[in-house]
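Trainee: Structure file upload.cif (mmCIF, C-alpha atoms and all ligand atoms) right here:
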data_protein
loop_
_atom_site.label_atom_id
_atom_site.label_comp_id
_atom_site.auth_asym_id
_atom_site.auth_seq_id
_atom_site.Cartn_x
_atom_site.Cartn_y
_atom_site.Cartn_z
CA MET A 157 27.50 19.72 116.71
CA LEU A 158 30.02 22.15 115.30
CA LEU A 159 31.24 21.02 111.90
CA MET A 160 34.85 21.06 113.03
CA ASP A 161 34.02 18.69 115.90
CA ASP A 162 33.20 16.02 113.35
CA PRO A 163 36.51 14.33 112.49
CA VAL A 164 35.45 13.44 108.95
CA LEU A 165 34.22 16.97 108.15
CA ARG A 166 37.27 18.49 109.79
CA SER A 167 39.53 16.33 107.66
CA ILE A 168 37.65 17.25 104.47
CA GLU A 169 37.94 20.92 105.42
CA MET A 170 41.69 20.66 106.11
CA THR A 171 42.23 18.78 102.85
CA THR A 172 40.17 21.31 100.87
CA GLU A 173 42.32 24.13 102.24
CA ALA A 174 45.48 22.17 101.44
CA ILE A 175 44.39 21.55 97.84
CA ARG A 176 43.60 25.23 97.34
CA ALA A 177 46.92 26.24 98.86
CA ARG A 178 48.95 23.87 96.67
CA SER A 179 46.95 23.84 93.45
CA THR A 180 50.03 23.85 91.22
CA ALA A 181 51.62 20.84 92.93
CA HIS A 182 51.68 17.25 91.72
CA TRP A 183 49.40 15.40 94.17
CA ILE A 184 50.33 11.77 94.63
CA ILE A 185 47.95 9.52 96.55
CA ALA A 186 49.79 6.57 98.07
CA PHE A 187 47.30 3.71 98.05
CA SER A 188 47.92 0.36 99.73
CA GLY A 189 44.46 -1.15 99.60
CA GLY A 190 44.20 -0.93 103.40
CA LYS A 191 41.64 0.98 105.44
CA ASP A 192 43.75 4.06 106.23
CA SER A 193 44.78 4.75 102.63
CA SER A 194 41.21 4.01 101.46
CA ALA A 195 39.89 6.61 103.89
CA ALA A 196 42.58 9.08 102.80
CA LEU A 197 41.57 8.59 99.15
CA LYS A 198 37.89 9.15 99.97
CA ILE A 199 38.65 12.34 101.86
CA PHE A 200 40.89 13.58 99.07
CA LEU A 201 38.15 13.06 96.46
CA ALA A 202 35.49 14.73 98.63
CA ALA A 203 37.82 17.68 99.28
CA TYR A 204 38.82 18.02 95.64
CA ARG A 205 35.17 18.41 94.64
CA ARG A 206 34.72 21.09 97.29
CA ALA A 207 37.93 22.93 96.48
CA LYS A 208 36.73 23.83 92.98
CA VAL A 209 40.24 24.21 91.64
CA ASN A 210 41.91 22.27 88.85
CA LEU A 211 44.92 20.37 90.07
CA SER A 212 47.44 20.16 87.27
CA ARG A 213 48.64 16.63 88.12
CA MET A 214 47.20 13.84 90.24
CA THR A 215 48.53 10.29 90.48
CA LEU A 216 47.37 7.34 92.50
CA ILE A 217 50.23 4.93 93.17
CA TYR A 218 50.07 1.34 94.34
CA CYS A 219 53.14 -0.70 95.15
CA ASP A 220 52.78 -4.33 94.13
CA THR A 221 55.22 -6.42 96.18
CA GLY A 222 54.49 -9.55 94.13
CA VAL A 223 53.79 -11.42 97.38
CA GLU A 224 50.65 -9.62 98.56
CA ASN A 225 48.09 -11.82 100.24
CA PRO A 226 46.26 -13.28 97.18
CA VAL A 227 42.84 -12.20 98.50
CA LEU A 228 44.06 -8.64 99.07
CA ASP A 229 45.88 -8.68 95.73
CA ALA A 230 42.72 -9.71 93.83
CA TYR A 231 40.68 -7.10 95.73
CA VAL A 232 43.14 -4.27 94.97
CA LYS A 233 43.66 -5.19 91.31
CA ALA A 234 39.89 -5.37 90.73
CA PHE A 235 39.49 -2.02 92.52
CA LEU A 236 42.20 -0.34 90.44
CA GLN A 237 40.63 -1.53 87.22
CA LYS A 238 37.19 -0.25 88.24
CA VAL A 239 38.39 3.05 89.68
CA ARG A 240 40.36 3.85 86.51
CA GLN A 241 37.08 3.74 84.61
CA GLU A 242 35.26 5.68 87.33
CA PHE A 243 37.84 8.49 87.24
CA VAL A 244 37.27 8.80 83.48
CA GLU A 245 33.48 8.88 83.91
CA LEU A 246 33.80 11.54 86.63
CA GLY A 247 36.14 13.61 84.46
CA LEU A 248 38.94 13.29 87.02
CA SER A 249 42.37 13.21 85.41
CA ILE A 250 44.01 10.96 88.00
CA ASN A 251 46.71 8.67 86.63
CA ILE A 252 47.14 5.26 88.19
CA GLU A 253 50.66 3.86 88.50
CA LEU A 254 51.49 0.33 89.61
CA LEU A 255 54.98 0.28 91.11
CA LYS A 256 57.14 -2.79 91.58
CA ALA A 257 60.48 -3.42 93.23
CA PRO A 258 63.40 -4.02 90.87
CA ILE A 259 63.95 -7.75 90.31
CA PRO A 260 66.98 -8.12 92.65
CA ASP A 261 64.90 -6.71 95.54
CA ARG A 262 61.90 -9.02 95.12
CA PHE A 263 61.06 -11.40 97.94
CA PHE A 264 61.89 -14.77 96.38
CA VAL A 265 64.88 -13.45 94.45
CA ARG A 266 66.39 -12.47 97.79
CA ILE A 267 65.39 -15.69 99.55
CA ILE A 268 66.06 -18.27 96.85
CA GLY A 269 68.60 -16.32 94.81
CA ARG A 270 70.77 -14.79 97.52
CA GLY A 271 69.75 -17.10 100.36
CA TYR A 272 68.33 -14.39 102.65
CA PRO A 273 66.57 -15.98 105.61
CA PRO A 274 62.89 -14.99 105.72
CA PRO A 275 62.45 -11.71 107.65
CA THR A 276 62.09 -11.53 111.40
CA ASN A 277 61.56 -8.64 113.79
CA SER A 278 65.32 -8.22 114.19
CA PHE A 279 66.17 -8.73 110.50
CA ARG A 280 63.34 -7.09 108.59
CA TRP A 281 65.07 -6.58 105.27
CA CYS A 282 61.91 -6.71 103.18
CA THR A 283 59.96 -3.48 103.79
CA THR A 284 62.53 -1.12 102.34
CA GLY A 285 63.11 -3.04 99.12
CA LEU A 286 59.56 -4.21 98.50
CA ARG A 287 57.53 -1.19 99.51
CA ILE A 288 59.49 1.93 100.44
CA LYS A 289 62.17 2.05 97.73
CA PRO A 290 59.84 1.72 94.71
CA VAL A 291 57.70 4.57 96.07
CA SER A 292 60.60 6.87 96.97
CA GLU A 293 62.23 6.25 93.57
CA PHE A 294 58.98 7.10 91.80
CA ILE A 295 58.64 10.34 93.78
CA ALA A 296 62.30 11.24 93.17
CA LYS A 297 61.63 11.08 89.41
CA GLN A 298 58.87 13.69 89.76
CA ASN A 299 59.64 17.17 90.96
CA PRO A 300 59.86 16.54 94.73
CA ASP A 301 59.91 20.28 95.56
CA ASN A 302 56.48 20.67 94.05
CA THR A 303 55.00 17.34 95.10
CA VAL A 304 52.49 16.57 97.83
CA VAL A 305 52.07 12.93 98.82
CA VAL A 306 48.73 12.03 100.41
CA LEU A 307 49.37 9.31 102.96
CA GLY A 308 46.92 7.36 105.12
CA LEU A 309 48.97 7.68 108.26
CA ARG A 310 47.42 8.11 111.70
CA GLN A 311 49.05 9.36 114.88
CA SER A 312 49.27 6.91 117.74
CA GLU A 313 46.13 6.18 119.74
CA SER A 314 47.66 7.61 122.89
CA ARG A 315 48.38 11.00 121.30
CA GLN A 316 44.97 10.91 119.71
CA ARG A 317 43.33 11.06 123.10
CA ASP A 318 44.79 14.49 123.59
CA ARG A 319 43.01 16.18 120.75
CA ALA A 320 43.68 19.61 122.22
CA LEU A 321 47.38 18.98 121.79
CA ALA A 322 46.81 17.72 118.29
CA LEU A 323 44.93 20.87 117.34
CA SER A 324 47.71 23.08 118.61
CA SER A 325 50.01 22.12 115.75
CA ASN A 326 49.21 21.30 112.18
CA LEU A 327 49.74 17.57 112.14
CA TYR A 328 48.28 17.31 108.66
CA TRP A 329 51.47 18.55 107.01
CA GLN A 330 54.83 16.85 107.41
CA LYS A 331 58.10 17.19 105.60
CA GLN A 332 59.56 13.97 104.23
CA ARG A 333 63.33 14.24 104.13
CA GLU A 334 64.92 12.05 101.49
CA GLY A 335 68.38 12.06 99.99
CA LYS A 336 66.97 12.50 96.50
CA GLY A 337 64.84 15.53 97.41
CA ASP A 338 62.50 16.55 100.21
CA TYR A 339 58.77 16.67 99.60
CA ASP A 340 55.57 17.38 101.52
CA LEU A 341 53.35 14.76 103.06
CA PHE A 342 49.69 15.51 103.65
CA LEU A 343 47.94 13.21 106.14
CA PRO A 344 44.13 13.45 105.91
CA VAL A 345 43.46 10.78 108.57
CA VAL A 346 46.21 11.79 110.98
CA GLU A 347 43.79 12.69 113.77
CA MET A 348 41.40 9.81 113.32
CA SER A 349 40.80 6.77 115.47
CA VAL A 350 40.07 3.39 113.88
CA PRO A 351 36.25 3.79 114.20
CA GLU A 352 36.51 7.25 112.60
CA VAL A 353 38.44 5.74 109.70
CA TRP A 354 35.63 3.22 109.20
CA ASP A 355 33.06 6.04 109.48
CA THR A 356 34.90 7.76 106.62
CA ILE A 357 34.93 4.63 104.50
CA PHE A 358 31.24 3.92 105.04
CA GLY A 359 30.09 7.55 105.06
CA LEU A 360 31.71 8.99 101.93
CA SER A 361 30.57 7.73 98.57
CA LEU A 362 33.44 8.26 96.12
CA PRO A 363 35.00 6.23 94.73
CA ASN A 364 32.09 3.85 94.19
CA ALA A 365 34.60 1.26 93.00
CA LEU A 366 35.69 0.71 96.59
CA ASP A 367 33.78 -2.25 98.03
CA LYS A 368 33.38 -1.42 101.72
CA SER A 369 32.14 -4.84 102.78
CA ASP A 370 35.02 -6.62 101.04
CA LEU A 371 37.45 -4.27 102.73
CA GLU A 372 35.88 -4.92 106.12
CA THR A 373 36.17 -8.69 105.57
CA LEU A 374 39.83 -8.32 104.65
CA TYR A 375 40.45 -6.71 108.03
CA ARG A 376 39.36 -9.65 110.10
CA GLY A 377 42.46 -10.47 112.13
CA ALA A 378 44.53 -7.60 110.73
CA SER A 379 44.99 -4.28 112.46
CA GLY A 380 47.49 -2.43 110.32
CA GLU A 381 49.58 -2.49 107.20
CA CYS A 382 53.17 -2.04 106.14
CA PRO A 383 54.17 1.55 105.33
CA VAL A 384 55.23 2.58 101.82
CA ILE A 385 56.90 5.75 103.08
CA LYS A 386 59.28 5.74 106.01
CA ALA A 387 57.68 8.74 107.71
CA PRO A 388 59.02 9.44 111.23
CA THR A 389 55.65 8.73 112.86
CA ALA A 390 54.83 5.61 110.84
CA PRO A 391 54.51 2.41 112.87
CA PRO A 392 56.98 -0.33 111.91
CA CYS A 393 55.91 -2.78 109.26
CA ALA A 394 54.15 -5.85 110.56
CA SER A 395 53.27 -4.30 113.93
CA GLY A 396 49.76 -5.27 112.90
CA ARG A 397 50.51 -7.07 109.69
CA PHE A 398 48.33 -6.83 106.64
CA GLY A 399 50.21 -7.51 103.48
CA CYS A 400 52.58 -10.21 102.25
CA TRP A 401 51.40 -13.83 102.43
CA THR A 402 55.05 -14.78 102.94
CA CYS A 403 55.50 -12.63 106.04
CA THR A 404 57.40 -14.43 108.78
CA VAL A 405 57.84 -11.35 110.96
CA VAL A 406 54.73 -12.34 112.87
CA ARG A 407 54.74 -15.67 114.67
CA LYS A 408 51.23 -16.54 113.51
CA ASP A 409 49.51 -15.04 110.49
CA LYS A 410 46.25 -14.10 112.20
CA SER A 411 45.02 -12.22 109.17
CA ALA A 412 45.33 -15.24 106.83
CA ASN A 413 43.80 -17.52 109.47
CA GLU A 414 40.78 -15.26 109.83
CA LEU A 415 40.35 -15.02 106.06
CA ILE A 416 40.43 -18.81 105.79
CA LYS A 417 37.82 -19.04 108.55
CA SER A 418 35.64 -16.61 106.61
CA GLY A 419 35.74 -18.88 103.56
CA HIS A 420 38.92 -17.97 101.65
CA PHE A 421 40.12 -21.58 101.62
CA GLN A 422 42.46 -20.87 98.68
CA LEU A 423 44.83 -19.31 101.23
CA ARG A 424 45.46 -22.60 103.04
CA PRO A 425 48.40 -23.81 100.90
CA PHE A 426 49.99 -20.33 101.02
CA LEU A 427 49.75 -20.28 104.80
CA ALA A 428 51.13 -23.82 105.04
CA PHE A 429 54.12 -22.76 102.91
CA ARG A 430 54.74 -19.68 105.08
CA ASP A 431 54.66 -21.78 108.25
CA TRP A 432 57.05 -24.32 106.70
CA LEU A 433 59.44 -21.56 105.58
CA ALA A 434 59.51 -20.02 109.07
CA GLU A 435 60.56 -23.41 110.50
CA PHE A 436 63.00 -24.15 107.70
CA ARG A 437 64.96 -20.94 108.35
CA ASN A 438 65.71 -22.02 111.92
CA ASP A 439 67.42 -25.29 111.06
CA PRO A 440 71.20 -24.62 111.07
CA ALA A 441 71.67 -27.44 108.55
CA ASN A 442 69.98 -25.23 105.95
CA ARG A 443 72.30 -22.27 106.46
CA TRP A 444 75.91 -21.38 105.84
CA HIS A 445 77.85 -21.55 109.07
CA THR A 446 79.26 -18.06 108.59
CA ARG A 447 77.68 -14.83 107.43
CA ARG A 448 78.48 -13.37 104.02
CA ASN A 449 81.00 -10.99 105.59
CA GLY A 450 82.80 -13.92 107.18
CA SER A 451 81.70 -13.17 110.76
CA ALA A 452 80.46 -15.94 113.04
CA GLY A 453 76.75 -16.77 113.00
CA LEU A 454 74.22 -18.38 110.74
CA GLY A 455 74.52 -17.07 107.19
CA PRO A 456 72.42 -17.39 104.05
CA PHE A 457 70.58 -20.54 103.03
CA THR A 458 72.80 -23.17 101.42
CA ILE A 459 72.29 -23.76 97.71
CA LYS A 460 70.74 -27.14 98.60
CA ALA A 461 68.23 -25.41 100.89
CA ARG A 462 67.44 -22.81 98.21
CA ARG A 463 66.75 -25.63 95.74
CA GLU A 464 64.35 -27.14 98.26
CA ILE A 465 62.51 -23.82 98.71
CA LEU A 466 62.27 -23.44 94.93
CA ARG A 467 60.93 -26.99 94.61
CA ARG A 468 58.22 -26.17 97.16
CA VAL A 469 57.35 -22.89 95.43
CA ASP A 470 56.99 -24.81 92.15
CA ALA A 471 54.67 -27.29 93.87
CA LEU A 472 52.66 -24.39 95.32
CA GLU A 473 52.35 -22.79 91.90
CA ASP A 474 51.04 -26.08 90.48
CA LEU A 475 48.61 -26.56 93.34
CA THR A 476 47.21 -23.03 93.23
CA ALA A 477 47.52 -22.41 89.47
CA THR A 478 49.36 -19.13 90.16
CA THR A 479 52.69 -17.63 89.14
CA ILE A 480 54.73 -16.87 92.23
CA ILE A 481 58.14 -16.47 90.59
CA ASP A 482 58.15 -15.19 87.02
CA VAL A 483 60.57 -16.07 84.22
CA GLU A 484 62.79 -13.01 84.70
CA GLU A 485 63.05 -13.64 88.44
CA ARG A 486 63.98 -17.28 87.78
CA GLY A 487 66.75 -16.08 85.45
CA VAL A 488 68.18 -13.80 88.14
CA ILE A 489 67.94 -16.59 90.74
CA ALA A 490 69.93 -18.93 88.48
CA ALA A 491 72.60 -16.25 87.95
CA LEU A 492 72.85 -15.63 91.70
CA TRP A 493 73.32 -19.36 92.38
CA THR A 494 76.17 -19.45 89.89
CA MET A 495 77.80 -16.46 91.58
CA ASP A 496 77.43 -17.97 95.06
CA ASN A 497 78.76 -21.33 93.94
CA PHE A 498 81.78 -19.58 92.46
CA ALA A 499 82.27 -17.38 95.52
CA ARG A 500 82.09 -20.37 97.89
CA LEU A 501 84.68 -22.23 95.86
CA ALA A 502 87.05 -19.36 95.17
CA PHE A 503 86.80 -16.79 97.98
CA ARG A 504 85.36 -16.04 101.32
CA PRO A 505 81.80 -14.82 100.61
CA GLN A 506 81.32 -11.05 100.32
CA GLY A 507 78.72 -8.55 101.58
CA ASN A 508 75.99 -8.81 104.16
CA CYS A 509 73.22 -11.35 104.21
S1 LIG B 1 54.29 -7.66 105.37
FE1 LIG B 1 56.00 -8.74 106.33
S2 LIG B 1 57.18 -9.58 104.59
FE2 LIG B 1 55.84 -7.96 103.77
S3 LIG B 1 57.11 -6.11 103.76
FE3 LIG B 1 55.92 -6.13 105.69
S4 LIG B 1 57.31 -7.15 107.20
FE4 LIG B 1 58.07 -7.60 105.14
#
Just give me the structure of the file as structure tokens.
Mentor:
Amino acid sequence: MLLMDDPVLRSIEMTTEAIRARSTAHWIIAFSGGKDSSAALKIFLAAYRRAKVNLSRMTLIYCDTGVENPVLDAYVKAFLQKVRQEFVELGLSINIELLKAPIPDRFFVRIIGRGYPPPTNSFRWCTTGLRIKPVSEFIAKQNPDNTVVVLGLRQSESRQRDRALALSSNLYWQKQREGKGDYDLFLPVVEMSVPEVWDTIFGLSLPNALDKSDLETLYRGASGECPVIKAPTAPPCASGRFGCWTCTVVRKDKSANELIKSGHFQLRPFLAFRDWLAEFRNDPANRWHTRRNGSAGLGPFTIKARREILRRVDALEDLTATTIIDVEERGVIAALWTMDNFARLAFRPQGNC
């Protein structure tokens, strides 16, 4: 078999060339914990060893939404701790940055503080604030013109079938256009199918910190993940959801159900809360009868409903011995309640839900 017919070898070759061509750039690896970004990281490390150049700056970023599925969250945090040590032992100067949304954008601050209804397919307010904005703001603070972001993004399965077409243009490089500065995206797994992604994960050794079997288990019932960069070809968040335990965009959380079946019983109360919240949003008695901008239609949760959600979150924290809403977030929620109470009494409410 010709080397370039092997998708993993071809990707390593393309990535090696890219690293050599942009050796003065800041390389940022966007890591989500999912299979595609894990494969992209493995290919990047294999290519970097082959390239035999010294990249001046490398950073691995992970965006912590604060509501990641607890099993995924524990897996990723353990991985990041181990890989930090492994990078040191390998002499790789790769920084690791944990990014977080600003407090007003966090999931429960929006829901309980501002009364946002939990997201649906038609009102998916969460992805931008929780995942995309923290990443784009981090990149904007670098030097976007001389930045390459490595993203585990694959082209659609249908286009993948036509590999001849794919080879005719360089799909590996894309330009990300952002208001705060354009930068380059490099997509090591762009041409790969799902089995090829798994071949990469199981076939390449570095980083050893990545537990392949744990990752495989996490994927039972999940087929995709939410994007951290709004690239034109990225599938919409939750099209095959793998991420927030609070996600109400999907009707049933297949991923959590499969994890529970495989023995992660600690997820049961989280799933029960999610299911309750999805029902709770649909009861008109829990919502303002107008939107924040005054137009007709169901608006934010009433303060009474927000108190009830908070009471249930508190009970969930007690039951699971976890912190779901931290002290700072609680402070912002209290301030937002005061503002909404004042606004309801004094004026017609402002802004959009
Ligand atoms: S997983 Fe669901 S809740 Fe989380 S960002 Fe994606 S769509 Fe929103």
Trainee: From the options A:Ala491, A:Leu427, A:Ile385, A:Leu248, which residue's atoms come nearest to Gln332 (chain A), counting all atoms listed in the file?
Mentor: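 Using all atoms listed in the file, the shortest distance to Gln332 (chain A) belongs to A:Ile385.
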Trainee: CA of Leu415 (chain A) and CA of Leu433 (chain A) are how many Å apart?
Mentor: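 Computed distance, CA of Leu415 (chain A) to CA of Leu433 (chain A), equals 20.2 Å.
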Trainee: Report, in Å with one decimal, the straight-line distance from CA of Leu472 (chain A) to atom FE2 of ligand LIG 1 (chain B).
Mentor: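 For CA of Leu472 (chain A) relative to atom FE2 of ligand LIG 1 (chain B), the distance reads 18.7 Å.
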Trainee: Counting only C-alpha atoms, note down every residue that has an atom within 10 Å of the point (40.9, 23.9, 94.7) (file coordinates), as a PyMOL selection string.
Mentor: chain A and resi 171-180+203-211
Trainee: Do you know which residues are at most 6 Å from Thr215 (chain A) counting only C-alpha atoms, after dropping those on the same chain fewer than 5 positions away, and could you put them as a PyMOL selection string?
Mentor: chain A and resi 184+250-252
Trainee: What does the structure give for the distance between CA of His445 (chain A) and CA of Ala490 (chain A), in Å to one decimal?
Mentor: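 CA of Ala490 (chain A) lies at a distance of 22.2 Å from CA of His445 (chain A).
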Trainee: Which protein, DNA or RNA residues are at most 12 Å from (30.7, 4.4, 96.4) in the file's coordinates when you count all atoms listed in the file, listed as a PyMOL selection string?
Mentor: chain A and resi 194+197-198+201-202+235+238-239+242+356-369
Trainee: Might you pull out every residue within 12 Å of Ala412 (chain A), with all atoms listed in the file counted and same-chain residues fewer than 6 positions away left off, and present them as a PyMOL selection string?
Mentor: chain A and resi 224-228+373-378+397-403+406+418-428+430-431
Trainee: Go ahead and fit an axis-aligned box to every listed atom of region 406-410 of chain A plus 4 Å each side, and pass me the centre and edge lengths in Å, one decimal, as lines of an AutoDock Vina configuration file.
Mentor:
center_x = 50.5
center_y = -14.4
center_z = 112.6
size_x = 16.5
size_y = 12.2
size_z = 12.2
Trainee: Taking only C-alpha atoms into account, which of A:Trp432, A:Leu236, A:Phe264, A:Asp192 comes nearest Ile480 (chain A)?
Mentor: A:Phe264
Trainee: Please, can region 446-466 of chain A be completed to N, CA, C and O atoms and returned as a PDB file, keeping the file's coordinate frame?
Mentor:
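rebuild11.pdb, written as the output of this step:
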ATOM      1  N   THR A 446      78.765 -19.425 108.357  1.00  0.00           N
ATOM      2  CA  THR A 446      79.260 -18.060 108.590  1.00  0.00           C
ATOM      3  C   THR A 446      78.406 -17.099 107.786  1.00  0.00           C
ATOM      4  O   THR A 446      77.755 -17.506 106.820  1.00  0.00           O
ATOM      5  N   ARG A 447      78.437 -15.839 108.190  1.00  0.00           N
ATOM      6  CA  ARG A 447      77.680 -14.830 107.430  1.00  0.00           C
ATOM      7  C   ARG A 447      78.459 -14.486 106.173  1.00  0.00           C
ATOM      8  O   ARG A 447      79.624 -14.860 106.027  1.00  0.00           O
ATOM      9  N   ARG A 448      77.810 -13.730 105.285  1.00  0.00           N
ATOM     10  CA  ARG A 448      78.480 -13.370 104.020  1.00  0.00           C
ATOM     11  C   ARG A 448      79.764 -12.583 104.263  1.00  0.00           C
ATOM     12  O   ARG A 448      80.702 -12.666 103.488  1.00  0.00           O
ATOM     13  N   ASN A 449      79.788 -11.803 105.333  1.00  0.00           N
ATOM     14  CA  ASN A 449      81.000 -10.990 105.590  1.00  0.00           C
ATOM     15  C   ASN A 449      82.067 -11.790 106.352  1.00  0.00           C
ATOM     16  O   ASN A 449      83.072 -11.240 106.762  1.00  0.00           O
ATOM     17  N   GLY A 450      81.796 -13.066 106.549  1.00  0.00           N
ATOM     18  CA  GLY A 450      82.800 -13.920 107.180  1.00  0.00           C
ATOM     19  C   GLY A 450      82.678 -13.990 108.690  1.00  0.00           C
ATOM     20  O   GLY A 450      83.358 -14.795 109.337  1.00  0.00           O
ATOM     21  N   SER A 451      81.813 -13.156 109.294  1.00  0.00           N
ATOM     22  CA  SER A 451      81.700 -13.170 110.760  1.00  0.00           C
ATOM     23  C   SER A 451      80.938 -14.416 111.218  1.00  0.00           C
ATOM     24  O   SER A 451      80.214 -15.049 110.446  1.00  0.00           O
ATOM     25  N   ALA A 452      81.089 -14.738 112.501  1.00  0.00           N
ATOM     26  CA  ALA A 452      80.460 -15.940 113.040  1.00  0.00           C
ATOM     27  C   ALA A 452      78.942 -15.757 113.109  1.00  0.00           C
ATOM     28  O   ALA A 452      78.449 -14.657 113.324  1.00  0.00           O
ATOM     29  N   GLY A 453      78.226 -16.823 112.932  1.00  0.00           N
ATOM     30  CA  GLY A 453      76.750 -16.770 113.000  1.00  0.00           C
ATOM     31  C   GLY A 453      76.150 -17.401 111.767  1.00  0.00           C
ATOM     32  O   GLY A 453      76.840 -17.583 110.759  1.00  0.00           O
ATOM     33  N   LEU A 454      74.874 -17.739 111.876  1.00  0.00           N
ATOM     34  CA  LEU A 454      74.220 -18.380 110.740  1.00  0.00           C
ATOM     35  C   LEU A 454      74.139 -17.418 109.560  1.00  0.00           C
ATOM     36  O   LEU A 454      73.737 -16.276 109.705  1.00  0.00           O
ATOM     37  N   GLY A 455      74.513 -17.903 108.396  1.00  0.00           N
ATOM     38  CA  GLY A 455      74.520 -17.070 107.190  1.00  0.00           C
ATOM     39  C   GLY A 455      73.339 -17.381 106.296  1.00  0.00           C
ATOM     40  O   GLY A 455      72.294 -17.849 106.764  1.00  0.00           O
ATOM     41  N   PRO A 456      73.512 -17.151 104.993  1.00  0.00           N
ATOM     42  CA  PRO A 456      72.420 -17.390 104.050  1.00  0.00           C
ATOM     43  C   PRO A 456      72.063 -18.875 103.960  1.00  0.00           C
ATOM     44  O   PRO A 456      72.806 -19.737 104.432  1.00  0.00           O
ATOM     45  N   PHE A 457      70.948 -19.162 103.318  1.00  0.00           N
ATOM     46  CA  PHE A 457      70.580 -20.540 103.030  1.00  0.00           C
ATOM     47  C   PHE A 457      71.657 -21.160 102.136  1.00  0.00           C
ATOM     48  O   PHE A 457      72.221 -20.483 101.251  1.00  0.00           O
ATOM     49  N   THR A 458      71.903 -22.453 102.337  1.00  0.00           N
ATOM     50  CA  THR A 458      72.800 -23.170 101.420  1.00  0.00           C
ATOM     51  C   THR A 458      72.099 -23.296 100.064  1.00  0.00           C
ATOM     52  O   THR A 458      70.868 -23.148  99.980  1.00  0.00           O
ATOM     53  N   ILE A 459      72.886 -23.586  99.042  1.00  0.00           N
ATOM     54  CA  ILE A 459      72.290 -23.760  97.710  1.00  0.00           C
ATOM     55  C   ILE A 459      71.296 -24.932  97.756  1.00  0.00           C
ATOM     56  O   ILE A 459      70.213 -24.867  97.168  1.00  0.00           O
ATOM     57  N   LYS A 460      71.646 -25.983  98.499  1.00  0.00           N
ATOM     58  CA  LYS A 460      70.740 -27.140  98.600  1.00  0.00           C
ATOM     59  C   LYS A 460      69.388 -26.698  99.203  1.00  0.00           C
ATOM     60  O   LYS A 460      68.318 -27.082  98.725  1.00  0.00           O
ATOM     61  N   ALA A 461      69.473 -25.881 100.243  1.00  0.00           N
ATOM     62  CA  ALA A 461      68.230 -25.410 100.890  1.00  0.00           C
ATOM     63  C   ALA A 461      67.435 -24.524  99.932  1.00  0.00           C
ATOM     64  O   ALA A 461      66.208 -24.596  99.862  1.00  0.00           O
ATOM     65  N   ARG A 462      68.148 -23.687  99.162  1.00  0.00           N
ATOM     66  CA  ARG A 462      67.440 -22.810  98.210  1.00  0.00           C
ATOM     67  C   ARG A 462      66.731 -23.639  97.146  1.00  0.00           C
ATOM     68  O   ARG A 462      65.626 -23.308  96.724  1.00  0.00           O
ATOM     69  N   ARG A 463      67.402 -24.749  96.729  1.00  0.00           N
ATOM     70  CA  ARG A 463      66.750 -25.630  95.740  1.00  0.00           C
ATOM     71  C   ARG A 463      65.467 -26.215  96.332  1.00  0.00           C
ATOM     72  O   ARG A 463      64.455 -26.341  95.650  1.00  0.00           O
ATOM     73  N   GLU A 464      65.524 -26.552  97.609  1.00  0.00           N
ATOM     74  CA  GLU A 464      64.350 -27.140  98.260  1.00  0.00           C
ATOM     75  C   GLU A 464      63.205 -26.110  98.337  1.00  0.00           C
ATOM     76  O   GLU A 464      62.041 -26.422  98.095  1.00  0.00           O
ATOM     77  N   ILE A 465      63.555 -24.858  98.643  1.00  0.00           N
ATOM     78  CA  ILE A 465      62.510 -23.820  98.710  1.00  0.00           C
ATOM     79  C   ILE A 465      61.907 -23.635  97.318  1.00  0.00           C
ATOM     80  O   ILE A 465      60.680 -23.566  97.165  1.00  0.00           O
ATOM     81  N   LEU A 466      62.777 -23.616  96.301  1.00  0.00           N
ATOM     82  CA  LEU A 466      62.270 -23.440  94.930  1.00  0.00           C
ATOM     83  C   LEU A 466      61.350 -24.605  94.554  1.00  0.00           C
ATOM     84  O   LEU A 466      60.292 -24.405  93.945  1.00  0.00           O
TER      85      LEU A 466
END
